[in-house]
file query15.txt (compact mmCIF, C-alpha atoms)
# COMPACT_ATOMS: atom_id res chain seq x y z
CA MET R 1091 -5.47 -12.29 6.99
CA GLY R 1092 -1.92 -10.94 7.47
CA ARG R 1093 -0.93 -8.65 10.28
CA LEU R 1094 -2.91 -5.43 10.09
CA PHE R 1095 -1.02 -3.26 12.56
CA GLY R 1096 2.37 -1.81 11.71
CA THR R 1097 4.54 0.38 13.90
CA ASP R 1098 1.95 3.16 13.82
CA GLY R 1099 -1.49 1.60 13.48
CA ILE R 1100 -3.10 0.28 10.30
CA ARG R 1101 -2.18 1.86 6.98
CA GLY R 1102 -2.96 1.22 3.34
CA VAL R 1103 -4.34 2.73 0.16
CA ALA R 1104 -7.79 4.01 1.07
CA ASN R 1105 -10.65 2.16 -0.67
CA GLU R 1106 -8.21 -0.45 -1.93
CA SER R 1107 -6.44 -2.27 0.91
CA LEU R 1108 -7.90 -0.03 3.61
CA THR R 1109 -11.55 -0.30 2.62
CA PRO R 1110 -14.63 1.06 4.43
CA GLU R 1111 -15.62 -2.56 5.01
CA LEU R 1112 -12.35 -3.17 6.82
CA ALA R 1113 -12.72 0.07 8.78
CA PHE R 1114 -16.17 -1.07 9.88
CA ARG R 1115 -14.83 -4.41 11.11
CA VAL R 1116 -11.86 -2.75 12.82
CA GLY R 1117 -14.27 -0.37 14.56
CA ARG R 1118 -16.31 -3.29 15.85
CA ALA R 1119 -13.25 -5.22 17.02
CA GLY R 1120 -11.50 -2.20 18.53
CA ALA R 1121 -14.56 -1.06 20.45
CA THR R 1122 -15.16 -4.57 21.74
CA VAL R 1123 -11.62 -4.86 23.11
CA LEU R 1124 -10.96 -1.32 24.32
CA ALA R 1125 -14.35 -0.52 25.80
CA ALA R 1126 -15.11 -3.95 27.27
CA THR R 1127 -14.45 -2.93 30.87
CA SER R 1128 -15.92 0.57 30.80
CA ASP R 1129 -19.42 1.97 31.08
CA ARG R 1130 -21.05 1.70 27.67
CA HIS R 1131 -21.72 5.42 27.50
CA ARG R 1132 -18.05 6.37 27.92
CA PRO R 1133 -17.48 7.37 24.30
CA VAL R 1134 -14.80 6.55 21.79
CA ILE R 1135 -13.21 9.80 20.50
CA VAL R 1136 -12.62 9.84 16.72
CA GLY R 1137 -10.54 12.44 14.87
CA ARG R 1138 -9.03 12.62 11.38
CA ASP R 1139 -6.70 14.59 9.16
CA THR R 1140 -7.74 16.34 5.95
CA ARG R 1141 -7.42 13.42 3.52
CA LEU R 1142 -10.25 13.08 1.04
CA SER R 1143 -10.85 9.51 2.20
CA GLY R 1144 -11.09 10.56 5.84
CA THR R 1145 -14.84 11.11 5.98
CA MET R 1146 -15.49 7.79 4.23
CA LEU R 1147 -13.37 5.82 6.68
CA GLU R 1148 -14.67 7.84 9.63
CA ALA R 1149 -18.27 6.99 8.72
CA ALA R 1150 -17.44 3.30 8.40
CA LEU R 1151 -15.43 3.14 11.61
CA VAL R 1152 -18.07 5.04 13.58
CA ALA R 1153 -20.73 2.66 12.27
CA GLY R 1154 -18.62 -0.25 13.44
CA VAL R 1155 -18.12 1.16 16.92
CA THR R 1156 -21.77 2.05 17.42
CA SER R 1157 -22.90 -1.33 16.04
CA VAL R 1158 -21.46 -3.07 19.09
CA GLY R 1159 -23.24 -0.67 21.43
CA ARG R 1160 -20.51 1.92 22.10
CA ASP R 1161 -21.02 5.67 21.83
CA VAL R 1162 -18.79 7.85 19.66
CA VAL R 1163 -17.82 11.52 19.74
CA THR R 1164 -16.24 12.82 16.52
CA VAL R 1165 -13.95 15.83 16.77
CA GLY R 1166 -13.30 16.40 13.07
CA VAL R 1167 -9.93 17.53 11.70
CA VAL R 1168 -7.46 17.72 14.60
CA PRO R 1169 -3.83 16.72 15.18
CA THR R 1170 -3.19 13.21 16.43
CA PRO R 1171 -1.99 14.49 19.84
CA ALA R 1172 -5.28 16.33 20.24
CA VAL R 1173 -7.14 13.01 20.01
CA ALA R 1174 -4.92 11.58 22.75
CA CYS R 1175 -5.48 14.69 24.89
CA VAL R 1176 -9.26 14.79 24.44
CA THR R 1177 -9.52 11.06 25.16
CA VAL R 1178 -7.94 11.60 28.57
CA ARG R 1179 -9.65 14.89 29.41
CA GLU R 1180 -13.10 13.54 28.50
CA ASN R 1181 -12.57 10.27 30.40
CA ALA R 1182 -13.30 8.42 27.16
CA ALA R 1183 -13.11 4.67 26.66
CA ALA R 1184 -10.62 5.04 23.79
CA GLY R 1185 -9.47 7.33 21.01
CA VAL R 1186 -9.03 6.75 17.27
CA MET R 1187 -7.14 8.87 14.74
CA ILE R 1188 -7.80 8.37 11.03
CA SER R 1189 -4.60 9.40 9.26
CA ALA R 1190 -1.61 8.08 7.36
CA SER R 1191 0.66 10.77 8.79
CA HIS R 1192 3.37 11.63 6.22
CA ASN R 1193 2.25 9.06 3.63
CA PRO R 1194 0.95 10.07 0.16
CA ILE R 1195 -2.60 11.36 -0.22
CA ALA R 1196 -4.01 8.05 -1.48
CA ASP R 1197 -3.06 6.33 1.76
CA ASN R 1198 -4.91 6.49 5.03
CA GLY R 1199 -4.70 4.78 8.38
CA ILE R 1200 -6.32 3.99 11.70
CA LYS R 1201 -4.52 4.25 15.02
CA PHE R 1202 -5.96 3.68 18.46
CA PHE R 1203 -5.30 5.22 21.85
CA GLY R 1204 -6.24 3.65 25.14
CA PRO R 1205 -8.19 5.57 27.81
CA ASP R 1206 -4.86 6.75 29.24
CA GLY R 1207 -4.00 8.47 25.94
CA PHE R 1208 -1.18 6.09 25.07
CA LYS R 1209 -0.93 4.05 21.88
CA LEU R 1210 -1.76 0.38 22.19
CA SER R 1211 0.64 -2.40 23.07
CA ASP R 1212 1.36 -5.20 20.62
CA ALA R 1213 -0.73 -7.52 22.80
CA ILE R 1214 -3.85 -5.36 22.64
CA GLU R 1215 -3.44 -4.81 18.90
CA ALA R 1216 -3.24 -8.59 18.52
CA GLN R 1217 -6.50 -8.91 20.45
CA ILE R 1218 -8.19 -6.47 18.10
CA GLU R 1219 -6.83 -8.28 15.04
CA SER R 1220 -8.11 -11.59 16.34
CA LEU R 1221 -11.66 -10.19 16.37
CA VAL R 1222 -11.69 -8.32 13.05
CA ASP R 1223 -13.21 -11.28 11.22
CA ALA R 1224 -15.19 -12.64 14.17
CA SER R 1225 -18.85 -13.37 13.49
CA ASP R 1226 -20.00 -13.44 17.11
CA LEU R 1227 -19.40 -9.85 18.27
CA PRO R 1228 -22.35 -8.05 19.91
CA ARG R 1229 -25.25 -6.93 17.70
CA PRO R 1230 -27.48 -4.91 20.05
CA THR R 1231 -30.77 -3.50 18.86
CA GLY R 1232 -33.13 -0.77 20.04
CA ALA R 1233 -31.75 1.21 22.96
CA GLY R 1234 -28.63 -0.93 22.96
CA VAL R 1235 -27.21 0.58 19.78
CA GLY R 1236 -24.42 3.13 20.28
CA ILE R 1237 -24.94 6.82 19.53
CA ALA R 1238 -22.61 9.05 17.50
CA ARG R 1239 -22.46 12.79 18.04
CA ILE R 1240 -20.21 15.67 17.03
CA GLY R 1241 -18.00 17.01 19.82
CA GLN R 1242 -18.61 20.64 20.68
CA ASN R 1243 -15.49 22.70 21.42
CA LEU R 1244 -13.48 19.72 22.64
CA GLY R 1245 -10.41 21.23 21.01
CA ARG R 1246 -10.21 23.52 24.03
CA HIS R 1247 -8.60 20.68 25.98
CA TYR R 1248 -5.69 20.58 23.57
CA TYR R 1249 -5.33 24.36 23.49
CA HIS R 1250 -5.19 24.36 27.28
CA GLU R 1251 -2.31 21.88 27.14
CA LEU R 1252 -0.46 24.02 24.60
CA PHE R 1253 -0.92 27.16 26.66
CA ASP R 1254 -0.12 25.61 30.05
CA ALA R 1255 3.20 27.01 31.32
CA ALA R 1256 3.94 28.42 27.85
CA VAL R 1257 6.36 31.32 27.38
CA ASP R 1258 5.36 34.60 25.73
CA LEU R 1259 6.52 34.30 22.13
CA ALA R 1260 6.30 38.01 21.32
CA GLY R 1261 9.21 38.99 19.11
CA LEU R 1262 9.21 35.78 17.09
CA HIS R 1263 7.99 35.64 13.52
CA VAL R 1264 7.08 32.02 12.85
CA VAL R 1265 6.44 30.65 9.38
CA VAL R 1266 4.07 27.70 9.75
CA ASP R 1267 3.86 25.03 7.05
CA GLY R 1268 0.77 23.01 7.97
CA ALA R 1269 1.25 20.43 5.17
CA ASN R 1270 -2.44 21.09 4.32
CA GLY R 1271 -3.08 18.61 7.09
CA ALA R 1272 -4.38 18.27 10.61
CA ALA R 1273 -2.50 21.25 12.07
CA TYR R 1274 -3.61 23.70 9.38
CA ALA R 1275 -5.75 25.75 11.80
CA MET R 1276 -4.75 24.80 15.33
CA ALA R 1277 -1.00 25.43 15.10
CA PRO R 1278 -1.12 28.97 13.64
CA TYR R 1279 -3.89 29.95 16.08
CA ALA R 1280 -1.99 28.67 19.11
CA LEU R 1281 1.25 30.42 18.15
CA ARG R 1282 -0.58 33.70 17.56
CA LYS R 1283 -2.33 33.44 20.93
CA LEU R 1284 1.10 33.04 22.53
CA GLY R 1285 2.27 36.31 20.98
CA ALA R 1286 4.16 35.26 17.87
CA THR R 1287 3.70 36.84 14.48
CA VAL R 1288 2.66 34.03 12.15
CA THR R 1289 2.95 33.63 8.39
CA GLU R 1290 1.02 30.65 7.06
CA ILE R 1291 1.94 28.49 4.08
CA ASN R 1292 0.14 25.29 3.11
CA CYS R 1293 -2.37 25.86 5.89
CA GLU R 1294 -5.52 24.86 4.06
CA ASN R 1295 -8.07 22.15 4.76
CA ASP R 1296 -7.11 20.51 1.48
CA GLY R 1297 -6.94 16.73 1.50
CA ALA R 1298 -6.01 16.69 -2.18
CA ARG R 1299 -2.70 18.39 -1.32
CA ILE R 1300 -1.84 16.97 2.09
CA ASN R 1301 1.95 16.39 2.23
CA VAL R 1302 2.29 17.28 -1.48
CA ASN R 1303 5.57 19.20 -1.84
CA CYS R 1304 5.07 20.70 1.59
CA GLY R 1305 5.26 20.04 5.29
CA ALA R 1306 7.84 18.03 7.19
CA THR R 1307 8.54 15.78 4.20
CA HIS R 1308 9.41 18.67 1.88
CA LEU R 1309 11.03 21.64 3.62
CA GLN R 1310 11.99 23.70 0.57
CA PRO R 1311 8.88 25.96 0.59
CA LEU R 1312 9.44 26.68 4.28
CA GLN R 1313 13.12 27.47 3.76
CA GLU R 1314 12.26 29.77 0.87
CA LYS R 1315 9.63 31.67 2.86
CA VAL R 1316 11.95 32.09 5.86
CA ALA R 1317 14.68 33.42 3.56
CA GLU R 1318 12.21 35.74 1.81
CA LEU R 1319 11.04 37.30 5.08
CA ILE R 1320 14.58 37.75 6.35
CA ALA R 1321 15.61 39.39 3.07
CA ALA R 1322 12.63 41.75 3.46
CA GLY R 1323 14.00 42.93 6.81
CA GLU R 1324 11.87 40.86 9.19
CA SER R 1325 13.57 39.91 12.46
CA GLY R 1326 13.20 36.84 14.67
CA VAL R 1327 12.12 34.67 11.73
CA VAL R 1328 12.04 30.88 12.15
CA GLY R 1329 10.00 28.14 10.52
CA VAL R 1330 8.15 25.01 11.57
CA ALA R 1331 6.70 22.31 9.33
CA PHE R 1332 4.28 19.60 10.42
CA ASP R 1333 3.44 16.30 8.83
CA GLY R 1334 -0.08 15.29 7.81
CA ASP R 1335 -1.35 14.44 11.29
CA ALA R 1336 0.97 16.85 13.17
CA ASP R 1337 2.46 14.31 15.52
CA ARG R 1338 5.87 15.49 14.39
CA ALA R 1339 7.54 18.74 13.45
CA LEU R 1340 10.76 19.85 11.79
CA PHE R 1341 12.18 23.36 11.90
CA VAL R 1342 14.16 25.84 9.83
CA ASP R 1343 16.49 28.21 11.67
CA GLU R 1344 17.56 31.77 10.87
CA THR R 1345 20.29 30.55 8.49
CA GLY R 1346 17.91 28.36 6.50
CA ALA R 1347 19.31 25.17 8.01
CA THR R 1348 17.09 22.22 8.89
CA VAL R 1349 16.58 21.52 12.59
CA SER R 1350 15.77 17.83 13.01
CA GLY R 1351 14.25 15.88 15.87
CA ASP R 1352 17.76 15.20 17.19
CA HIS R 1353 18.42 18.95 17.39
CA VAL R 1354 15.09 19.57 19.09
CA MET R 1355 15.66 16.88 21.69
CA PHE R 1356 19.12 18.33 22.38
CA ALA R 1357 17.65 21.78 23.04
CA ILE R 1358 14.78 20.56 25.20
CA GLY R 1359 16.91 17.96 26.97
CA ARG R 1360 19.63 20.45 27.80
CA GLU R 1361 17.03 22.85 29.20
CA LEU R 1362 15.52 20.14 31.39
CA HIS R 1363 18.97 18.94 32.48
CA ASP R 1364 20.02 22.45 33.49
CA ARG R 1365 16.87 22.68 35.62
CA GLY R 1366 17.42 19.24 37.16
CA GLU R 1367 14.25 17.91 35.52
CA LEU R 1368 15.68 15.41 33.01
CA ALA R 1369 14.94 12.03 34.55
CA HIS R 1370 18.08 9.89 34.89
CA ASP R 1371 19.97 12.44 32.77
CA THR R 1372 18.83 10.43 29.75
CA ILE R 1373 17.08 11.05 26.43
CA VAL R 1374 15.65 8.15 24.44
CA GLY R 1375 16.44 8.27 20.73
CA THR R 1376 16.54 5.51 18.15
CA VAL R 1377 19.13 3.51 16.28
CA MET R 1378 18.77 6.20 13.59
CA SER R 1379 19.81 9.05 15.90
CA ASN R 1380 22.97 10.67 14.59
CA ILE R 1381 26.27 10.10 16.38
CA GLY R 1382 26.77 13.87 16.36
CA PHE R 1383 23.67 14.19 18.53
CA GLU R 1384 25.06 11.62 20.96
CA ARG R 1385 28.41 13.41 21.16
CA ALA R 1386 26.77 16.78 21.86
CA LEU R 1387 24.66 15.27 24.64
CA GLY R 1388 27.74 13.65 26.17
CA ALA R 1389 29.42 17.04 26.47
CA HIS R 1390 26.62 17.98 28.89
CA ASP R 1391 26.69 14.64 30.74
CA ILE R 1392 23.44 13.54 29.13
CA HIS R 1393 23.11 9.90 28.07
CA LEU R 1394 21.42 8.76 24.85
CA ALA R 1395 19.50 5.48 25.06
CA ARG R 1396 18.67 3.97 21.66
CA ALA R 1397 15.36 2.24 20.93
CA ALA R 1398 14.18 0.54 17.75
CA VAL R 1399 12.81 2.84 15.04
CA GLY R 1400 9.22 3.86 15.69
CA ASP R 1401 7.81 6.22 18.28
CA ARG R 1402 5.97 3.34 19.98
CA TYR R 1403 9.31 1.70 20.78
CA VAL R 1404 10.74 4.99 21.99
CA LEU R 1405 7.73 5.32 24.28
CA GLU R 1406 8.07 1.76 25.56
CA MET R 1407 11.70 2.42 26.56
CA MET R 1408 10.72 5.74 28.15
CA GLN R 1409 8.03 4.09 30.24
CA SER R 1410 10.12 1.12 31.29
CA GLY R 1411 13.09 3.30 32.21
CA GLY R 1412 11.22 6.17 33.79
CA PHE R 1413 12.45 8.72 31.21
CA VAL R 1414 10.52 11.86 30.29
CA LEU R 1415 11.94 12.87 26.90
CA GLY R 1416 12.48 10.90 23.73
CA GLY R 1417 11.89 10.91 20.02
CA GLU R 1418 13.16 10.41 16.50
CA GLN R 1419 15.20 12.29 13.91
CA SER R 1420 12.03 12.63 11.84
CA GLY R 1421 10.56 15.06 14.36
CA HIS R 1422 8.51 12.78 16.59
CA VAL R 1423 9.23 14.19 20.03
CA ILE R 1424 7.54 12.70 23.10
CA ASP R 1425 7.62 14.89 26.19
CA LEU R 1426 5.72 13.01 28.88
CA ARG R 1427 5.44 16.18 30.94
CA ARG R 1428 3.12 17.52 28.26
CA ASN R 1429 1.41 14.68 26.35
CA THR R 1430 1.37 10.92 25.84
CA THR R 1431 2.44 10.80 22.20
CA GLY R 1432 4.42 12.65 19.55
CA ASP R 1433 3.12 16.22 19.45
CA GLY R 1434 4.27 18.63 16.74
CA PRO R 1435 2.50 21.79 17.94
CA MET R 1436 3.61 21.15 21.54
CA THR R 1437 7.18 20.62 20.35
CA ALA R 1438 7.05 23.97 18.55
CA VAL R 1439 5.63 25.80 21.57
CA THR R 1440 8.26 24.26 23.86
CA LEU R 1441 11.22 24.90 21.56
CA PHE R 1442 10.23 28.47 20.78
CA GLY R 1443 9.62 29.07 24.48
CA ILE R 1444 13.18 27.97 25.27
CA MET R 1445 14.49 30.36 22.62
CA ARG R 1446 12.63 33.28 24.15
CA ALA R 1447 13.53 32.35 27.74
CA ARG R 1448 17.23 32.07 26.88
CA ARG R 1449 17.11 35.15 24.64
CA THR R 1450 18.88 33.33 21.86
CA THR R 1451 18.32 32.18 18.29
CA LEU R 1452 17.34 28.73 17.17
CA HIS R 1453 20.65 28.39 15.36
CA GLU R 1454 22.62 29.15 18.53
CA LEU R 1455 20.44 26.84 20.59
CA VAL R 1456 21.40 23.76 18.57
CA ARG R 1457 24.77 24.67 17.03
CA GLU R 1458 26.73 22.27 19.28
CA ILE R 1459 25.46 19.31 17.27
CA VAL R 1460 27.86 18.49 14.45
CA ILE R 1461 25.95 16.05 12.30
CA ALA R 1462 28.00 13.13 10.98
CA PRO R 1463 27.26 12.26 7.34
CA GLN R 1464 24.34 9.85 7.16
CA VAL R 1465 22.81 8.32 4.03
CA LEU R 1466 19.38 6.70 3.82
CA VAL R 1467 18.48 4.68 0.72
CA ASN R 1468 14.99 3.20 0.35
CA VAL R 1469 14.39 -0.02 -1.55
CA ARG R 1470 10.75 -0.18 -2.62
CA THR R 1471 9.57 -3.72 -1.98
CA ALA R 1472 7.14 -5.56 0.25
CA HIS R 1473 9.44 -8.61 0.31
CA ALA R 1474 11.17 -7.97 3.64
CA TYR R 1475 12.05 -11.66 3.82
CA VAL R 1476 14.98 -11.07 1.45
CA LEU R 1477 16.89 -9.78 4.49
CA GLU R 1478 17.01 -13.41 5.66
CA TYR R 1479 18.80 -14.62 2.52
CA ASP R 1480 22.37 -15.78 3.18
CA ALA R 1481 23.69 -13.66 0.32
CA ILE R 1482 22.08 -10.51 1.70
CA ARG R 1483 23.31 -11.24 5.23
CA GLU R 1484 26.83 -11.63 3.85
CA ALA R 1485 26.49 -8.36 1.91
CA ILE R 1486 25.37 -6.56 5.07
CA ALA R 1487 28.29 -8.00 7.03
CA ALA R 1488 30.72 -6.90 4.32
CA ALA R 1489 29.26 -3.39 4.34
CA GLU R 1490 29.71 -3.18 8.11
CA VAL R 1491 33.36 -4.15 7.75
CA ALA R 1492 33.83 -1.53 5.03
CA LEU R 1493 32.36 1.19 7.26
CA GLY R 1494 34.85 0.41 10.02
CA ALA R 1495 34.68 1.10 13.74
CA GLY R 1496 33.67 4.73 13.25
CA GLY R 1497 30.64 3.95 11.10
CA ARG R 1498 27.15 2.54 11.63
CA LEU R 1499 24.90 0.52 9.35
CA LEU R 1500 21.20 -0.14 9.84
CA VAL R 1501 19.06 -2.21 7.46
CA ARG R 1502 15.40 -2.62 8.34
CA PRO R 1503 11.94 -2.93 6.79
CA SER R 1504 9.71 0.11 7.21
CA GLY R 1505 6.85 -0.32 9.62
CA THR R 1506 4.55 2.00 7.65
CA GLU R 1507 5.42 1.58 3.95
CA PRO R 1508 6.50 -1.24 1.59
CA LEU R 1509 10.17 -0.28 1.88
CA ILE R 1510 13.47 -1.65 3.12
CA ARG R 1511 15.57 1.17 4.50
CA VAL R 1512 19.37 1.14 4.30
CA MET R 1513 21.10 3.68 6.55
CA ALA R 1514 24.85 4.20 6.61
CA GLU R 1515 26.71 6.66 8.83
CA GLY R 1516 30.38 7.60 8.92
CA ASP R 1517 32.91 10.36 8.46
CA ASP R 1518 33.37 10.06 4.68
CA LEU R 1519 30.19 11.02 2.78
CA GLY R 1520 31.35 9.59 -0.54
CA GLU R 1521 32.25 6.27 1.02
CA ILE R 1522 28.97 5.82 2.88
CA GLN R 1523 27.01 6.80 -0.23
CA ARG R 1524 28.81 4.10 -2.18
CA ILE R 1525 28.35 1.47 0.53
CA ALA R 1526 24.65 2.23 1.08
CA GLY R 1527 23.94 2.44 -2.65
CA ASP R 1528 25.67 -0.84 -3.45
CA LEU R 1529 23.91 -2.65 -0.60
CA ALA R 1530 20.50 -1.23 -1.55
CA ALA R 1531 21.05 -2.36 -5.15
CA ARG R 1532 21.85 -5.90 -3.96
CA ILE R 1533 18.73 -5.99 -1.81
CA GLY R 1534 16.58 -4.60 -4.64
CA ALA R 1535 17.87 -7.17 -7.10
CA SER R 1536 17.17 -10.02 -4.68
CA ALA R 1537 13.66 -8.69 -4.03
CA GLU R 1538 12.89 -8.54 -7.75
CA ALA R 1539 14.22 -12.06 -8.23
CA GLY R 1540 11.76 -13.20 -5.57
call {"tool": "encode", "arguments": {"input": "query15.txt", "output": "structure tokens"}}
result
Amino acid sequence: MGRLFGTDGIRGVANESLTPELAFRVGRAGATVLAATSDRHRPVIVGRDTRLSGTMLEAALVAGVTSVGRDVVTVGVVPTPAVACVTVRENAAAGVMISASHNPIADNGIKFFGPDGFKLSDAIEAQIESLVDASDLPRPTGAGVGIARIGQNLGRHYYHELFDAAVDLAGLHVVVDGANGAAYAMAPYALRKLGATVTEINCENDGARINVNCGATHLQPLQEKVAELIAAGESGVVGVAFDGDADRALFVDETGATVSGDHVMFAIGRELHDRGELAHDTIVGTVMSNIGFERALGAHDIHLARAAVGDRYVLEMMQSGGFVLGGEQSGHVIDLRRNTTGDGPMTAVTLFGIMRARRTTLHELVREIVIAPQVLVNVRTAHAYVLEYDAIREAIAAAEVALGAGGRLLVRPSGTEPLIRVMAEGDDLGEIQRIAGDLAARIGASAEAG
């Protein structure tokens, strides 16, 4: 068996590579490792997004957990950060989210949280993997079998976190694109309770349309609705789009421009810095964070620390360095004052609260960032080993020379999809497009050749 866990849990095509049989075995192994030192009746919290395969995998995983004698509480369709929150608030043994985040509808995934609400370390994931095919895990009978029950109103814990220290959002008109995913109900409700006028698009419990031409991976419908409302005379209009499991969010400002995770971290980080609450005057980004973001932070004496791509690596750097704010361009923002993982609805509440407190627009809040041209080309292949070929290494080195001192190149395999990503950044858009395209073509040809 190859490595199951990627940078964000286990993912695959549901009922093909991610089968109910595998989910059952993962449930058994995960419960054995994560609940080994806790009272057997401390439950494992299980949530999911709206994908059609979610109930199938949930049933299999729950069966696996209860088969080793652990109790389960299912919380239904909720955002990933809600699972982390409920796990902590309910003093649970662990949490599990069934979702493939922004991936296509056929995919699904399983990601675990420890009792502290944080995602698992590589070492603990390796322990779970080592037991997935074990034949000697517990098989209790009678009163020793675990019990599964449906959680009653456990979403209140997450709402309490969203509302804690929140700012009155009256005067804002927020267009919410729920991606027909996990935030479809919770995000609009929370924003309305905080005083905002809310217009919903793609906010249906529809697993056949999750992430399909909507949400954080496809902002055009959100931009069009924001523009439509402004043209109709509405004031204070902004937009927010979530991905399938709502652990990230992207925004559209009053001009129709996209507000990325870099922009959001700039706004939140500057607010914390001005209040003397930004630990070590540092924000943790990734190697993908735009140089324009770094320059804007520097103008306010804020340092950008760069982690590897993946919110787990951002979190690891935050924890080791004692930082409170970090995230990714893609909209994963981790604010350890508020939650233990990327949290799209919390990001929206925080960002909109800063807008209202400063009596400004979203555009003005982030306008200091001048984004340098950046090109990302994806090569669809599972053969990441081609990056070790001498010819590809030489091509990468040549591309770096061509970009010059003012450019950046990053070539890496995706941790969640069968892709090799080629990112080039520099001051000349045409040049970086050519460099990234040529390099991606070389990598693709080598992958096809085997």
call {"tool": "closest_residue", "arguments": {"input": "query15.txt", "among": "R:Ile1522, R:Met1187, R:Ile1424, R:Val1155", "to": "Pro1463 of chain R", "atoms": "all atoms listed in the file"}}
result
R:Ile1522
call {"tool": "residues_around", "arguments": {"input": "query15.txt", "residues": "Asn1295 of chain R", "least_positions_apart": "4", "cutoff": "9 Å", "atoms": "all atoms listed in the file", "output": "PyMOL selection string"}}
result
chain R and resi 1139-1141+1167+1270-1272+1274-1275+1299-1300
call {"tool": "closest_atom_pairs", "arguments": {"input": "query15.txt", "of": "segment 1179-1279 of chain R", "to": "segment 1500-1519 of chain R", "cutoff": "10 Å", "atoms": "all atoms listed in the file", "output": "CSV"}}
result
residue,atom,partner,partner_atom,distance
R:Ala1190,CA,R:Thr1506,CA,8.7
R:Ser1191,CA,R:Thr1506,CA,9.7
R:His1192,CA,R:Thr1506,CA,9.8
R:Asn1193,CA,R:Glu1507,CA,8.1
R:Asp1197,CA,R:Glu1507,CA,10.0
R:Gly1199,CA,R:Thr1506,CA,9.7
call {"tool": "residues_around", "arguments": {"input": "query15.txt", "residues": "Met1355 of chain R", "least_positions_apart": "6", "cutoff": "10 Å", "atoms": "all atoms listed in the file", "output": "PyMOL selection string"}}
result
chain R and resi 1361+1373-1375+1383+1387+1415-1419+1421-1425+1437+1441+1456
call {"tool": "residues_near_point", "arguments": {"input": "query15.txt", "point": "(-14.6, 15.4, 19.5)", "cutoff": "8 Å", "atoms": "only C-alpha atoms", "output": "compact mmCIF listing (two decimals) with C-alpha atoms, keeping the file's coordinate frame"}}
result
# COMPACT_ATOMS: atom_id res chain seq x y z
CA ILE R 1135 -13.21 9.80 20.50
CA VAL R 1136 -12.62 9.84 16.72
CA GLY R 1137 -10.54 12.44 14.87
CA VAL R 1163 -17.82 11.52 19.74
CA THR R 1164 -16.24 12.82 16.52
CA VAL R 1165 -13.95 15.83 16.77
CA GLY R 1166 -13.30 16.40 13.07
CA VAL R 1173 -7.14 13.01 20.01
CA VAL R 1176 -9.26 14.79 24.44
CA ILE R 1240 -20.21 15.67 17.03
CA GLY R 1241 -18.00 17.01 19.82
CA GLN R 1242 -18.61 20.64 20.68
CA ASN R 1243 -15.49 22.70 21.42
CA LEU R 1244 -13.48 19.72 22.64
CA GLY R 1245 -10.41 21.23 21.01
call {"tool": "residues_around", "arguments": {"input": "query15.txt", "residues": "Met1445 of chain R", "least_positions_apart": "6", "cutoff": "9 Å", "atoms": "only C-alpha atoms", "output": "PDB file with C-alpha atoms, in the coordinates of the input"}}
result
ATOM      1  CA  LEU R1259       6.520  34.300  22.130  1.00  0.00           C
ATOM      2  CA  THR R1451      18.320  32.180  18.290  1.00  0.00           C
ATOM      3  CA  LEU R1452      17.340  28.730  17.170  1.00  0.00           C
ATOM      4  CA  LEU R1455      20.440  26.840  20.590  1.00  0.00           C
TER       5      LEU R1455
END
call {"tool": "atom_distance", "arguments": {"input": "query15.txt", "atom1": "atom CA of Leu1094 of chain R", "atom2": "atom CA of Cys1175 of chain R"}}
result
25.1 Å
call {"tool": "closest_atom_pairs", "arguments": {"input": "query15.txt", "of": "segment 1368-1474 of chain R", "to": "segment 1202-1209 of chain R", "cutoff": "9 Å", "atoms": "only C-alpha atoms", "output": "CSV"}}
result
residue,atom,partner,partner_atom,distance
R:Arg1402,CA,R:Lys1209,CA,7.2
R:Leu1405,CA,R:Phe1208,CA,9.0
R:Asn1429,CA,R:Gly1207,CA,8.2
R:Thr1430,CA,R:Phe1208,CA,5.5
R:Thr1431,CA,R:Phe1208,CA,6.6
call {"tool": "atom_distance", "arguments": {"input": "query15.txt", "atom1": "atom CA of Ile1358 of chain R", "atom2": "atom CA of Ile1444 of chain R"}}
result
7.6 Å
call {"tool": "atom_distance", "arguments": {"input": "query15.txt", "atom1": "atom CA of Glu1294 of chain R", "atom2": "atom CA of Asn1198 of chain R"}}
result
18.4 Å
call {"tool": "closest_atom_pairs", "arguments": {"input": "query15.txt", "of": "segment 1206-1301 of chain R", "to": "segment 1341-1344 of chain R", "cutoff": "12 Å", "atoms": "all atoms listed in the file", "output": "JSON lines"}}
result
{"residue": "R:Leu1262", "atom": "CA", "partner": "R:Glu1344", "partner_atom": "CA", "distance": 11.2}
{"residue": "R:His1263", "atom": "CA", "partner": "R:Glu1344", "partner_atom": "CA", "distance": 10.7}
{"residue": "R:Val1264", "atom": "CA", "partner": "R:Val1342", "partner_atom": "CA", "distance": 9.9}
{"residue": "R:Val1265", "atom": "CA", "partner": "R:Val1342", "partner_atom": "CA", "distance": 9.1}
{"residue": "R:Val1266", "atom": "CA", "partner": "R:Phe1341", "partner_atom": "CA", "distance": 9.4}
{"residue": "R:Asp1267", "atom": "CA", "partner": "R:Phe1341", "partner_atom": "CA", "distance": 9.8}
call {"tool": "residues_around", "arguments": {"input": "query15.txt", "residues": "segment 1388-1394 of chain R", "least_positions_apart": "6", "cutoff": "9 Å", "atoms": "only C-alpha atoms", "output": "PyMOL selection string"}}
result
chain R and resi 1359-1360+1363+1368+1370-1376
call {"tool": "write_last_selection", "arguments": {"input": "query15.txt", "atoms": "C-alpha atoms", "output": "short mmCIF file (atom, residue, chain, number, x, y, z; two decimals), in the coordinates of the input"}}
result
data_model
loop_
_atom_site.label_atom_id
_atom_site.label_comp_id
_atom_site.auth_asym_id
_atom_site.auth_seq_id
_atom_site.Cartn_x
_atom_site.Cartn_y
_atom_site.Cartn_z
CA GLY R 1359 16.91 17.96 26.97
CA ARG R 1360 19.63 20.45 27.80
CA HIS R 1363 18.97 18.94 32.48
CA LEU R 1368 15.68 15.41 33.01
CA HIS R 1370 18.08 9.89 34.89
CA ASP R 1371 19.97 12.44 32.77
CA THR R 1372 18.83 10.43 29.75
CA ILE R 1373 17.08 11.05 26.43
CA VAL R 1374 15.65 8.15 24.44
CA GLY R 1375 16.44 8.27 20.73
CA THR R 1376 16.54 5.51 18.15
#
